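S.K.: This structure is in C-alpha cells; I'll ask about it shortly.
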Amino acid sequence: MTTKQDTQADVLPYEEPSGIEQFQETLREYGVTRAVTYGLLGVFLVWTLFPVYWLVTATLKTRQTLLSFPPQWIPLDAQFGNFAQLFAQRPDFVQFIINSTVVTITTTILATTIGAMAAYAFVTFDYPYNLDFHLPFYILSTRFMPPIVTIIPLFVIFRGVGLVNSLQGLILVYTMFNIPFAVWMMKGFFEEVPDSLIESAMIDGHTHLGAFFKIVLPLVKPGLIASAIFTTIITWNELLFAVILALNANAMTVPVGLASFVTKFSVQWINMSVGATIALVPVLLFAFIARQQLVRGFSMGAVGK
Amino acid sequence: MVTVNYDSVKKAYGDTIAIEDVNLHVDDGEFAILLGPSGCGKTTTLRCLAGLTQPTDGTITLDGHDVTDVHPKNRNIAMVFQNFALYPHMTVRENIGYPLKVAGKSKDEREERIDEVAEMLEIPELLDRDIANLSGGQQQRVALGRAIIRRPAVFLMDEPLANLDAKLKISMRSRIKVLQREMDITTMYVTHDQEEAMSLGDKLIIMDKGHIQQIGSPDEVYHQPANQFVAGFIGSPSMNFVTVRRDGDRIRADDAPDTFDVELDSEVADRYRDHETFTLGVRPQYFEVHTERTDNAIEAAVEVTEPQGDEQIIEVEVGDQPVSLTVVAPSAIDAERGDTVWLTLDDDLVHGFDTDSGRRIVGAGDQNRGVASTPEGEMTSD
Ligand SMILES: Nc1ncnc2c1ncn2[C@@H]1O[C@H](COP(=O)(O)OP(=O)(O)OP(=O)(O)O)[C@@H](O)[C@H]1O
Ligand SMILES: [Mg+2]
C-alpha cells in the first residue's frame, strides 16, 4: 500500500540517456540519408519563413513593386519612408499599439497569476465531492465551443454594463479566455513539486503562503514563463473578439487596426505590411529573451535537473 | 527541558483509521524510535507532532503546552524527510541556513552557524555546490544540517536512512547517534528496520495496525515482548510459534504431538498452569541442535541450511503434518538437507502466548516477568 508521501518524486540526480544518435541510426535504416533530412528541413524552413520574409521586405517596397509580376524577390530601392507614411496616414495606429500593450500586459499578469493560484489549489487541497478533480475539467470545458458562439451574448452583456469599446472589457474577455490554459499548464508543474518541500518549508518557519512564494514559485518559474509567453502571443494577436467588442480608436488593438486596412474599396498593402511588421517585433523579442526558460518549461518538470 | 506527550491520539482518513489510541511519552533528550511494519502508522504519528497532520482526536503536548492546533512553524521542531526534501533551487549553504534566514537571523550569524554545522557533518567542501549534483549520502547530511542548525526543541526523522546503501546506512547511523547525544535533543525517529531501531534507540515504540503494541528499551522488547506480534517482529530470524497442549509438565505440539513432545522444567511449566493450550514462542537461537539422539529432544528433518559465516540458519520440519521451525546453529554442526537432527529447548528462555489474545503469559517464577510498559486496553495481534 503506498501513501501520498511514499510516492513523492525522488530528487536524486540522474542522467537522461540522449536519444539523438539512436534516432539518426533509425532514420538511416529507413533510407533517410542526411541529404534527404536536410532537403526536408529546407523545404520546411522556406515554407514557414518565406511569408515572414515577404512581409518584412514588403515594408520597403512600393505598391507597384510589391504587386509586380514577375515578383521582385529583393527590394531594390528601399522605401524607408513607408514607416513614417503609416503614422502620417493613420496617426491612431500609435494608440492601437498602446491599447494592445496595455491589454496584453494586464491580461498576461492576471491570467498567469489567477491560473497559477487556481492550479496550486487544485493540486494541493482536497475538496469535497472530488471537486479538485472535476473543476479543472469544467474550466477547460469553457474552451470546447467555438469562441464565436459566445460573442453575441457577450456583446449584449457588455453593452448593458458599458464594457463595449473599453480596454477593461477586452482584458476581462482575454483573461477568461487564457485562464484555462494557464491552469492546465501550471497544474503539471505544481504536481511535480513534492509535498515534502512545502512541509519542510513550513517546519523551517514559513506559513503556507510563504512556502508558496519562496519555495514553490521559484521552482515552477519555467512554467510561469511559458504560460506567460503563450498568453502574450494569444492576446497580442487576437482579432475575433476585438473586432466585435472594440470598434472605436479608444479600444482598438493592433490586429483590428491591421484589419481596417482592408476596406470596401482597396487593400492598403504597404501600410498593412508595415503595421504587421511592427506588431511582430514585441512578441518575437519577448520569446527570444525568455527562450531558455521557455524550452525548459516545455521539456522538463519543475524540480528536474 | 523538552518532553513530548501524546494523549489518546487518533487519526482517521474517512473510514481508514491510520492510528488510534496512541499514548506515549518521550523524556527530555531521549532518543525514541517508532518501529513497525509498513502502513502501521509510524509516519502519521510523527507528522501529528510536526503539525503536518491534524489528529482527529486526542492531544499532543510539548513540555506541557498543548500544541495540537499550533502551526508547524511555531512548534520549534525540525524534521528530516525520507526523500530529504532539500530545496532544489538553492545551494547547500542556502539550504542549511534557510531556517535561520526565515527566522530573520543576520547574515553573519547565519554564516557562522552554517560553518559550524558543516564542520560537524564534515561537509565544508560541499557548501557552495548545487543540490542536484550531490550523492544520496551527501544530500542526507545536508538535510541533517538543515535540521540541526536551528537547535530545535524536538528532532523528527522519518526513515532518514532508507535511501542509502547498506554501508553508508551504518556509518550515518552512528553519526546520527553521536549528534543526538552531543546536542542532547529530544528525538523521534521512524524506521521499519529493527536492527537500526535496536542500535539507535533509548526507547522503542512498536506499532502495528495503528496501535502501539509495546513501549520499552531495546532489551525489554527483545526479552520481554508484550505480545506475540512484538515477539515475532523483533529478532532475526523471527521467533518460532507453535500451538501446544500442556499435560502436566509436558507440552505437545497440536500438529505433531508424537514428535514435538518435551518435558519442561517444572518451574517453567508452572507459569502456564492456567493454560491448557497456548502458543509457545522460541527464538531460533534458543534451540540447541544435536546430530545424535538426545534426551527430551525434538526429532526434526533438515529442509534447508543457510550458512551465515560463524553460524547457520537451519529450516527443519517436525512430524508428519509438519511443523516448520527455524533454528540458528554454529556452523560447526554438520547438517544437510534430509539429515535428521534433535533439538533441545532452552527452557528458561521460551515464551508462552495466550492463543486468543496474543498476550505473553507471565507467570510466577518467570525471570522475564518484568512487566513491560504496555499500553492499557485491548491488544491487537495476529
Ligand atoms: N493522506 C492519507 N490519506 C488516506 N490514508 C492515509 C493517508 N496517509 C496515511 N494513510 C493511511 O494510514 C495508514 C498509516 O500510514 P503511515 O504512512 O502512517 O504508515 P507508515 O507506518 O509510515 O508506513 P511506511 O513504513 O510504509 O511508511 C496507512 O494505512 C495509510 O494507507
Ligand atoms: Mg512512513
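Ligands are numbered from 1 in the order shown, chains are lettered A, B, ... in the order of the C-alpha cells, and residues start at 1 in each chain.
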Identify, on the basis of only C-alpha atoms, every residue whose closest approach to Arg181 in chain B does not exceed 12 Å; exclude the query and any residue fewer than 3 positions from it along the same chain; express the result as a count of residues only.

M.R.: 16

S.K.: Can you build me a table of chain B residues sitting at most 9 Å from ligand 2, with the closest atom pair per residue and its distance in Å to one decimal, using only C-alpha atoms and all ligand atoms, sorted by chain and residue number, as a Markdown table?

M.R.:
| residue | atom | partner | partner_atom_place_in_ligand_line | distance |
| --- | --- | --- | --- | --- |
| B:Ser38 | CA | ligand 2 | 1 (Mg) | 7.0 |
| B:Gly39 | CA | ligand 2 | 1 (Mg) | 6.9 |
| B:Cys40 | CA | ligand 2 | 1 (Mg) | 8.3 |
| B:Gly41 | CA | ligand 2 | 1 (Mg) | 7.1 |
| B:Lys42 | CA | ligand 2 | 1 (Mg) | 5.8 |
| B:Thr43 | CA | ligand 2 | 1 (Mg) | 4.1 |
| B:Thr44 | CA | ligand 2 | 1 (Mg) | 7.2 |
| B:Leu46 | CA | ligand 2 | 1 (Mg) | 8.9 |
| B:Gln82 | CA | ligand 2 | 1 (Mg) | 8.4 |
| B:Asp158 | CA | ligand 2 | 1 (Mg) | 6.7 |
| B:Glu159 | CA | ligand 2 | 1 (Mg) | 7.3 |
| B:Val190 | CA | ligand 2 | 1 (Mg) | 7.4 |
| B:Thr191 | CA | ligand 2 | 1 (Mg) | 7.9 |
| B:His192 | CA | ligand 2 | 1 (Mg) | 8.6 |

S.K.: Please return, as a PDB file with N, CA, C and O atoms, in the first residue's frame, all residues of chain B lying within 9 Å of chain A when only C-alpha atoms are considered.

M.R.:
ATOM      1  N   SER B  38       5.266  -1.779   7.456  1.00  0.00           N
ATOM      2  CA  SER B  38       4.761  -0.756   6.554  1.00  0.00           C
ATOM      3  C   SER B  38       3.258  -0.544   6.744  1.00  0.00           C
ATOM      4  O   SER B  38       2.511  -1.502   6.885  1.00  0.00           O
ATOM      5  N   GLY B  39       2.868   0.706   6.799  1.00  0.00           N
ATOM      6  CA  GLY B  39       1.452   1.033   6.902  1.00  0.00           C
ATOM      7  C   GLY B  39       0.897   0.982   8.314  1.00  0.00           C
ATOM      8  O   GLY B  39      -0.308   1.110   8.513  1.00  0.00           O
ATOM      9  N   ALA B  50       4.670  16.978  14.238  1.00  0.00           N
ATOM     10  CA  ALA B  50       5.221  18.075  13.434  1.00  0.00           C
ATOM     11  C   ALA B  50       4.155  19.110  13.107  1.00  0.00           C
ATOM     12  O   ALA B  50       4.471  20.238  12.766  1.00  0.00           O
ATOM     13  N   GLY B  51       2.894  18.690  13.194  1.00  0.00           N
ATOM     14  CA  GLY B  51       1.819  19.609  12.844  1.00  0.00           C
ATOM     15  C   GLY B  51       1.450  19.515  11.381  1.00  0.00           C
ATOM     16  O   GLY B  51       0.676  20.319  10.870  1.00  0.00           O
ATOM     17  N   LEU B  52       1.998  18.537  10.672  1.00  0.00           N
ATOM     18  CA  LEU B  52       1.701  18.392   9.249  1.00  0.00           C
ATOM     19  C   LEU B  52       0.428  17.599   9.045  1.00  0.00           C
ATOM     20  O   LEU B  52      -0.169  17.627   7.988  1.00  0.00           O
ATOM     21  N   HIS B  71       0.465  25.842  14.473  1.00  0.00           N
ATOM     22  CA  HIS B  71       1.056  25.717  13.134  1.00  0.00           C
ATOM     23  C   HIS B  71       2.473  25.154  13.243  1.00  0.00           C
ATOM     24  O   HIS B  71       3.200  25.485  14.182  1.00  0.00           O
ATOM     25  N   PRO B  72       2.879  24.306  12.253  1.00  0.00           N
ATOM     26  CA  PRO B  72       4.214  23.694  12.323  1.00  0.00           C
ATOM     27  C   PRO B  72       5.325  24.706  12.572  1.00  0.00           C
ATOM     28  O   PRO B  72       6.283  24.423  13.289  1.00  0.00           O
ATOM     29  N   LYS B  73       5.177  25.908  11.985  1.00  0.00           N
ATOM     30  CA  LYS B  73       6.290  26.865  12.086  1.00  0.00           C
ATOM     31  C   LYS B  73       6.475  27.355  13.511  1.00  0.00           C
ATOM     32  O   LYS B  73       7.528  27.865  13.857  1.00  0.00           O
ATOM     33  N   ASN B  74       5.450  27.210  14.333  1.00  0.00           N
ATOM     34  CA  ASN B  74       5.556  27.716  15.697  1.00  0.00           C
ATOM     35  C   ASN B  74       5.860  26.628  16.717  1.00  0.00           C
ATOM     36  O   ASN B  74       5.690  26.825  17.912  1.00  0.00           O
ATOM     37  N   ARG B  75       6.267  25.452  16.256  1.00  0.00           N
ATOM     38  CA  ARG B  75       6.487  24.363  17.207  1.00  0.00           C
ATOM     39  C   ARG B  75       7.955  24.174  17.564  1.00  0.00           C
ATOM     40  O   ARG B  75       8.289  23.348  18.398  1.00  0.00           O
ATOM     41  N   ASN B  76       8.833  24.889  16.857  1.00  0.00           N
ATOM     42  CA  ASN B  76      10.262  24.726  17.067  1.00  0.00           C
ATOM     43  C   ASN B  76      10.695  23.264  16.954  1.00  0.00           C
ATOM     44  O   ASN B  76      11.344  22.708  17.825  1.00  0.00           O
ATOM     45  N   ILE B  77      10.271  22.679  15.827  1.00  0.00           N
ATOM     46  CA  ILE B  77      10.572  21.288  15.568  1.00  0.00           C
ATOM     47  C   ILE B  77      11.334  21.219  14.260  1.00  0.00           C
ATOM     48  O   ILE B  77      11.087  22.014  13.359  1.00  0.00           O
ATOM     49  N   ALA B  78      12.291  20.326  14.177  1.00  0.00           N
ATOM     50  CA  ALA B  78      12.968  20.124  12.899  1.00  0.00           C
ATOM     51  C   ALA B  78      12.673  18.715  12.427  1.00  0.00           C
ATOM     52  O   ALA B  78      12.457  17.823  13.241  1.00  0.00           O
ATOM     53  N   MET B  79      12.628  18.547  11.105  1.00  0.00           N
ATOM     54  CA  MET B  79      12.281  17.224  10.598  1.00  0.00           C
ATOM     55  C   MET B  79      13.161  16.870   9.404  1.00  0.00           C
ATOM     56  O   MET B  79      13.423  17.704   8.544  1.00  0.00           O
ATOM     57  N   VAL B  80      13.595  15.624   9.361  1.00  0.00           N
ATOM     58  CA  VAL B  80      14.319  15.115   8.198  1.00  0.00           C
ATOM     59  C   VAL B  80      13.385  14.145   7.492  1.00  0.00           C
ATOM     60  O   VAL B  80      12.895  13.197   8.093  1.00  0.00           O
ATOM     61  N   PHE B  81      13.124  14.435   6.220  1.00  0.00           N
ATOM     62  CA  PHE B  81      12.197  13.600   5.462  1.00  0.00           C
ATOM     63  C   PHE B  81      12.946  12.467   4.781  1.00  0.00           C
ATOM     64  O   PHE B  81      14.139  12.563   4.524  1.00  0.00           O
ATOM     65  N   GLN B  82      12.181  11.436   4.455  1.00  0.00           N
ATOM     66  CA  GLN B  82      12.801  10.280   3.812  1.00  0.00           C
ATOM     67  C   GLN B  82      13.445  10.661   2.483  1.00  0.00           C
ATOM     68  O   GLN B  82      14.518  10.201   2.153  1.00  0.00           O
ATOM     69  N   ASN B  83      12.781  11.537   1.717  1.00  0.00           N
ATOM     70  CA  ASN B  83      13.371  11.951   0.433  1.00  0.00           C
ATOM     71  C   ASN B  83      14.209  13.216   0.599  1.00  0.00           C
ATOM     72  O   ASN B  83      14.521  13.877  -0.367  1.00  0.00           O
ATOM     73  N   PHE B  84      14.517  13.554   1.823  1.00  0.00           N
ATOM     74  CA  PHE B  84      15.383  14.683   2.207  1.00  0.00           C
ATOM     75  C   PHE B  84      14.720  16.046   2.029  1.00  0.00           C
ATOM     76  O   PHE B  84      14.986  16.957   2.789  1.00  0.00           O
ATOM     77  N   ALA B  85      13.873  16.203   0.992  1.00  0.00           N
ATOM     78  CA  ALA B  85      13.147  17.458   0.785  1.00  0.00           C
ATOM     79  C   ALA B  85      14.047  18.679   0.826  1.00  0.00           C
ATOM     80  O   ALA B  85      13.723  19.680   1.446  1.00  0.00           O
ATOM     81  N   LEU B  86      15.177  18.595   0.158  1.00  0.00           N
ATOM     82  CA  LEU B  86      16.049  19.771   0.067  1.00  0.00           C
ATOM     83  C   LEU B  86      15.485  20.711  -0.988  1.00  0.00           C
ATOM     84  O   LEU B  86      14.830  20.268  -1.925  1.00  0.00           O
ATOM     85  N   TYR B  87      15.762  22.007  -0.835  1.00  0.00           N
ATOM     86  CA  TYR B  87      15.239  22.973  -1.802  1.00  0.00           C
ATOM     87  C   TYR B  87      16.134  22.964  -3.038  1.00  0.00           C
ATOM     88  O   TYR B  87      17.293  23.368  -2.971  1.00  0.00           O
ATOM     89  N   PRO B  88      15.605  22.496  -4.170  1.00  0.00           N
ATOM     90  CA  PRO B  88      16.466  22.273  -5.338  1.00  0.00           C
ATOM     91  C   PRO B  88      17.031  23.559  -5.930  1.00  0.00           C
ATOM     92  O   PRO B  88      18.024  23.512  -6.643  1.00  0.00           O
ATOM     93  N   HIS B  89      16.398  24.699  -5.666  1.00  0.00           N
ATOM     94  CA  HIS B  89      16.863  25.928  -6.293  1.00  0.00           C
ATOM     95  C   HIS B  89      17.872  26.677  -5.428  1.00  0.00           C
ATOM     96  O   HIS B  89      18.170  27.829  -5.687  1.00  0.00           O
ATOM     97  N   TYR B  98      18.693  27.992   5.655  1.00  0.00           N
ATOM     98  CA  TYR B  98      17.356  28.507   5.391  1.00  0.00           C
ATOM     99  C   TYR B  98      16.490  28.734   6.636  1.00  0.00           C
ATOM    100  O   TYR B  98      15.858  29.784   6.748  1.00  0.00           O
ATOM    101  N   PRO B  99      16.456  27.785   7.584  1.00  0.00           N
ATOM    102  CA  PRO B  99      15.612  28.019   8.771  1.00  0.00           C
ATOM    103  C   PRO B  99      16.015  29.291   9.505  1.00  0.00           C
ATOM    104  O   PRO B  99      15.161  30.007  10.026  1.00  0.00           O
ATOM    105  N   LEU B 100      17.311  29.593   9.531  1.00  0.00           N
ATOM    106  CA  LEU B 100      17.761  30.809  10.219  1.00  0.00           C
ATOM    107  C   LEU B 100      17.354  32.045   9.426  1.00  0.00           C
ATOM    108  O   LEU B 100      16.987  33.070   9.990  1.00  0.00           O
ATOM    109  N   VAL B 102      14.708  32.323   7.498  1.00  0.00           N
ATOM    110  CA  VAL B 102      13.283  32.550   7.728  1.00  0.00           C
ATOM    111  C   VAL B 102      13.067  33.164   9.110  1.00  0.00           C
ATOM    112  O   VAL B 102      12.192  34.000   9.308  1.00  0.00           O
ATOM    113  N   ALA B 103      13.905  32.756  10.053  1.00  0.00           N
ATOM    114  CA  ALA B 103      13.763  33.285  11.410  1.00  0.00           C
ATOM    115  C   ALA B 103      14.300  34.704  11.524  1.00  0.00           C
ATOM    116  O   ALA B 103      14.227  35.310  12.590  1.00  0.00           O
ATOM    117  N   ILE B 131      22.368  21.484  -5.087  1.00  0.00           N
ATOM    118  CA  ILE B 131      21.764  20.289  -4.516  1.00  0.00           C
ATOM    119  C   ILE B 131      21.701  19.149  -5.527  1.00  0.00           C
ATOM    120  O   ILE B 131      21.926  17.993  -5.202  1.00  0.00           O
ATOM    121  N   ALA B 132      21.407  19.524  -6.792  1.00  0.00           N
ATOM    122  CA  ALA B 132      21.119  18.497  -7.799  1.00  0.00           C
ATOM    123  C   ALA B 132      22.276  17.529  -8.003  1.00  0.00           C
ATOM    124  O   ALA B 132      22.051  16.358  -8.268  1.00  0.00           O
ATOM    125  N   ASN B 133      23.535  18.009  -7.876  1.00  0.00           N
ATOM    126  CA  ASN B 133      24.603  17.051  -8.126  1.00  0.00           C
ATOM    127  C   ASN B 133      25.308  16.588  -6.855  1.00  0.00           C
ATOM    128  O   ASN B 133      26.516  16.474  -6.808  1.00  0.00           O
ATOM    129  N   LEU B 134      24.525  16.303  -5.836  1.00  0.00           N
ATOM    130  CA  LEU B 134      25.060  15.659  -4.641  1.00  0.00           C
ATOM    131  C   LEU B 134      24.657  14.199  -4.655  1.00  0.00           C
ATOM    132  O   LEU B 134      23.611  13.844  -5.181  1.00  0.00           O
ATOM    133  N   SER B 135      25.478  13.360  -4.041  1.00  0.00           N
ATOM    134  CA  SER B 135      25.091  11.956  -3.916  1.00  0.00           C
ATOM    135  C   SER B 135      24.052  11.833  -2.809  1.00  0.00           C
ATOM    136  O   SER B 135      23.818  12.770  -2.047  1.00  0.00           O
ATOM    137  N   GLY B 136      23.422  10.657  -2.730  1.00  0.00           N
ATOM    138  CA  GLY B 136      22.392  10.446  -1.721  1.00  0.00           C
ATOM    139  C   GLY B 136      22.910  10.694  -0.316  1.00  0.00           C
ATOM    140  O   GLY B 136      22.264  11.349   0.496  1.00  0.00           O
ATOM    141  N   GLN B 139      23.366  14.407   0.273  1.00  0.00           N
ATOM    142  CA  GLN B 139      22.076  15.070   0.470  1.00  0.00           C
ATOM    143  C   GLN B 139      21.563  14.807   1.880  1.00  0.00           C
ATOM    144  O   GLN B 139      20.982  15.680   2.530  1.00  0.00           O
ATOM    145  N   ARG B 146      20.413  21.027   7.914  1.00  0.00           N
ATOM    146  CA  ARG B 146      19.321  21.993   7.922  1.00  0.00           C
ATOM    147  C   ARG B 146      18.450  21.782   9.158  1.00  0.00           C
ATOM    148  O   ARG B 146      17.863  22.721   9.692  1.00  0.00           O
ATOM    149  N   ALA B 147      18.375  20.523   9.605  1.00  0.00           N
ATOM    150  CA  ALA B 147      17.537  20.242  10.771  1.00  0.00           C
ATOM    151  C   ALA B 147      18.200  20.689  12.073  1.00  0.00           C
ATOM    152  O   ALA B 147      17.535  21.202  12.966  1.00  0.00           O
ATOM    153  N   ARG B 150      19.068  24.917  13.663  1.00  0.00           N
ATOM    154  CA  ARG B 150      18.203  25.777  14.468  1.00  0.00           C
ATOM    155  C   ARG B 150      18.211  25.382  15.936  1.00  0.00           C
ATOM    156  O   ARG B 150      17.568  26.007  16.742  1.00  0.00           O
TER     157      ARG B 150
END

S.K.: From a backbone DSSP assignment, name each residue in range 217-293 of chain B labelled helix (DSSP H, G or I), as a ChimeraX atom specification.

M.R.: /B:218-223,228-233,266-270,284-286

S.K.: Could those selected residues go to a file with N, CA and C atoms, as a PDB file, in the first residue's frame?

M.R.:
ATOM      1  N   PRO B 218      15.344  -1.352  24.109  1.00  0.00           N
ATOM      2  CA  PRO B 218      15.633  -2.432  23.163  1.00  0.00           C
ATOM      3  C   PRO B 218      15.698  -3.788  23.863  1.00  0.00           C
ATOM      4  N   ASP B 219      16.283  -3.815  25.059  1.00  0.00           N
ATOM      5  CA  ASP B 219      16.362  -5.060  25.811  1.00  0.00           C
ATOM      6  C   ASP B 219      14.994  -5.590  26.196  1.00  0.00           C
ATOM      7  N   GLU B 220      14.153  -4.686  26.681  1.00  0.00           N
ATOM      8  CA  GLU B 220      12.823  -5.111  27.121  1.00  0.00           C
ATOM      9  C   GLU B 220      12.011  -5.691  25.980  1.00  0.00           C
ATOM     10  N   VAL B 221      11.998  -4.988  24.843  1.00  0.00           N
ATOM     11  CA  VAL B 221      11.143  -5.502  23.773  1.00  0.00           C
ATOM     12  C   VAL B 221      11.685  -6.820  23.236  1.00  0.00           C
ATOM     13  N   TYR B 222      12.975  -7.039  23.382  1.00  0.00           N
ATOM     14  CA  TYR B 222      13.533  -8.296  22.892  1.00  0.00           C
ATOM     15  C   TYR B 222      13.288  -9.433  23.877  1.00  0.00           C
ATOM     16  N   HIS B 223      13.542  -9.170  25.121  1.00  0.00           N
ATOM     17  CA  HIS B 223      13.449 -10.249  26.103  1.00  0.00           C
ATOM     18  C   HIS B 223      12.095 -10.353  26.778  1.00  0.00           C
ATOM     19  N   GLN B 228       2.536 -11.498  21.117  1.00  0.00           N
ATOM     20  CA  GLN B 228       3.075 -12.321  20.053  1.00  0.00           C
ATOM     21  C   GLN B 228       3.552 -11.476  18.876  1.00  0.00           C
ATOM     22  N   PHE B 229       2.855 -10.350  18.601  1.00  0.00           N
ATOM     23  CA  PHE B 229       3.279  -9.509  17.480  1.00  0.00           C
ATOM     24  C   PHE B 229       4.692  -8.991  17.706  1.00  0.00           C
ATOM     25  N   VAL B 230       4.923  -8.435  18.895  1.00  0.00           N
ATOM     26  CA  VAL B 230       6.241  -7.869  19.185  1.00  0.00           C
ATOM     27  C   VAL B 230       7.294  -8.962  19.164  1.00  0.00           C
ATOM     28  N   ALA B 231       6.958 -10.110  19.751  1.00  0.00           N
ATOM     29  CA  ALA B 231       7.909 -11.212  19.804  1.00  0.00           C
ATOM     30  C   ALA B 231       8.310 -11.634  18.398  1.00  0.00           C
ATOM     31  N   GLY B 232       7.338 -11.653  17.487  1.00  0.00           N
ATOM     32  CA  GLY B 232       7.624 -12.092  16.129  1.00  0.00           C
ATOM     33  C   GLY B 232       8.316 -11.016  15.319  1.00  0.00           C
ATOM     34  N   PHE B 233       8.037  -9.748  15.643  1.00  0.00           N
ATOM     35  CA  PHE B 233       8.575  -8.654  14.841  1.00  0.00           C
ATOM     36  C   PHE B 233      10.028  -8.359  15.188  1.00  0.00           C
ATOM     37  N   SER B 266       9.825 -27.983  35.672  1.00  0.00           N
ATOM     38  CA  SER B 266       8.508 -27.816  36.297  1.00  0.00           C
ATOM     39  C   SER B 266       8.260 -26.377  36.716  1.00  0.00           C
ATOM     40  N   GLU B 267       9.323 -25.654  37.013  1.00  0.00           N
ATOM     41  CA  GLU B 267       9.152 -24.256  37.390  1.00  0.00           C
ATOM     42  C   GLU B 267       8.642 -23.440  36.199  1.00  0.00           C
ATOM     43  N   VAL B 268       9.179 -23.753  35.003  1.00  0.00           N
ATOM     44  CA  VAL B 268       8.739 -23.066  33.794  1.00  0.00           C
ATOM     45  C   VAL B 268       7.306 -23.465  33.464  1.00  0.00           C
ATOM     46  N   ALA B 269       7.049 -24.757  33.542  1.00  0.00           N
ATOM     47  CA  ALA B 269       5.713 -25.256  33.204  1.00  0.00           C
ATOM     48  C   ALA B 269       4.663 -24.640  34.107  1.00  0.00           C
ATOM     49  N   ASP B 270       5.092 -24.325  35.305  1.00  0.00           N
ATOM     50  CA  ASP B 270       4.171 -23.773  36.285  1.00  0.00           C
ATOM     51  C   ASP B 270       3.581 -22.434  35.841  1.00  0.00           C
ATOM     52  N   PRO B 284      14.976 -18.658  17.331  1.00  0.00           N
ATOM     53  CA  PRO B 284      15.813 -19.662  16.654  1.00  0.00           C
ATOM     54  C   PRO B 284      17.122 -19.908  17.384  1.00  0.00           C
ATOM     55  N   GLN B 285      17.569 -18.897  18.136  1.00  0.00           N
ATOM     56  CA  GLN B 285      18.837 -19.033  18.853  1.00  0.00           C
ATOM     57  C   GLN B 285      18.694 -19.883  20.110  1.00  0.00           C
ATOM     58  N   TYR B 286      17.466 -20.105  20.551  1.00  0.00           N
ATOM     59  CA  TYR B 286      17.275 -20.792  21.828  1.00  0.00           C
ATOM     60  C   TYR B 286      17.019 -22.282  21.692  1.00  0.00           C
TER      61      TYR B 286
END

S.K.: Go ahead and compute the interatomic distance for CA of Val123 in chain A and CA of Ile105 in chain A, in Å to one decimal.

M.R.: 26.7 Å

S.K.: Applying 7 Å and only C-alpha atoms, which residues near Thr56 in chain B remain after dropping the ones on its own chain fewer than 5 positions away? List them as an mmCIF file with all heavy atoms, in the first residue's frame.

M.R.:
data_model
loop_
_atom_site.group_PDB
_atom_site.id
_atom_site.type_symbol
_atom_site.label_atom_id
_atom_site.label_comp_id
_atom_site.auth_asym_id
_atom_site.auth_seq_id
_atom_site.Cartn_x
_atom_site.Cartn_y
_atom_site.Cartn_z
ATOM 1 N N LYS B 10 -5.646 10.047 17.802
ATOM 2 C CA LYS B 10 -6.264 9.232 16.766
ATOM 3 C C LYS B 10 -6.251 10.009 15.470
ATOM 4 O O LYS B 10 -6.406 11.232 15.471
ATOM 5 C CB LYS B 10 -7.709 8.925 17.167
ATOM 6 C CG LYS B 10 -8.515 8.247 16.067
ATOM 7 C CD LYS B 10 -9.929 7.996 16.514
ATOM 8 C CE LYS B 10 -10.744 7.462 15.343
ATOM 9 N NZ LYS B 10 -12.116 7.161 15.722
ATOM 10 N N LYS B 11 -6.007 9.323 14.364
ATOM 11 C CA LYS B 11 -6.137 9.974 13.064
ATOM 12 C C LYS B 11 -6.863 9.032 12.132
ATOM 13 O O LYS B 11 -6.465 7.881 11.946
ATOM 14 C CB LYS B 11 -4.759 10.306 12.481
ATOM 15 C CG LYS B 11 -4.806 10.880 11.083
ATOM 16 C CD LYS B 11 -5.434 12.259 11.067
ATOM 17 C CE LYS B 11 -5.747 12.739 9.662
ATOM 18 N NZ LYS B 11 -6.419 14.047 9.654
ATOM 19 N N ALA B 12 -7.964 9.505 11.577
ATOM 20 C CA ALA B 12 -8.721 8.696 10.629
ATOM 21 C C ALA B 12 -8.796 9.444 9.308
ATOM 22 O O ALA B 12 -8.916 10.666 9.280
ATOM 23 C CB ALA B 12 -10.119 8.437 11.173
#

S.K.: Given only C-alpha atoms and all ligand atoms as the basis, pick out the residue of A:Ile109, A:Leu172, A:Phe125, A:Val295 nearest to ligand 1.

M.R.: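 Ranked by minimum distance to ligand 1, first place goes to A:Phe125.
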
S.K.: Which polymer residues have any atom within 9 Å of an atom of Glu292 in chain B, counting only C-alpha atoms, with same-chain residues fewer than 3 positions away left out, as JSON, numbers by chain?

M.R.: {"B": [340, 341, 342]}

S.K.: To one decimal place in Å, what is the distance between CA of Ile60 in chain B and CA of Gln194 in chain B?

M.R.: 26.0 Å
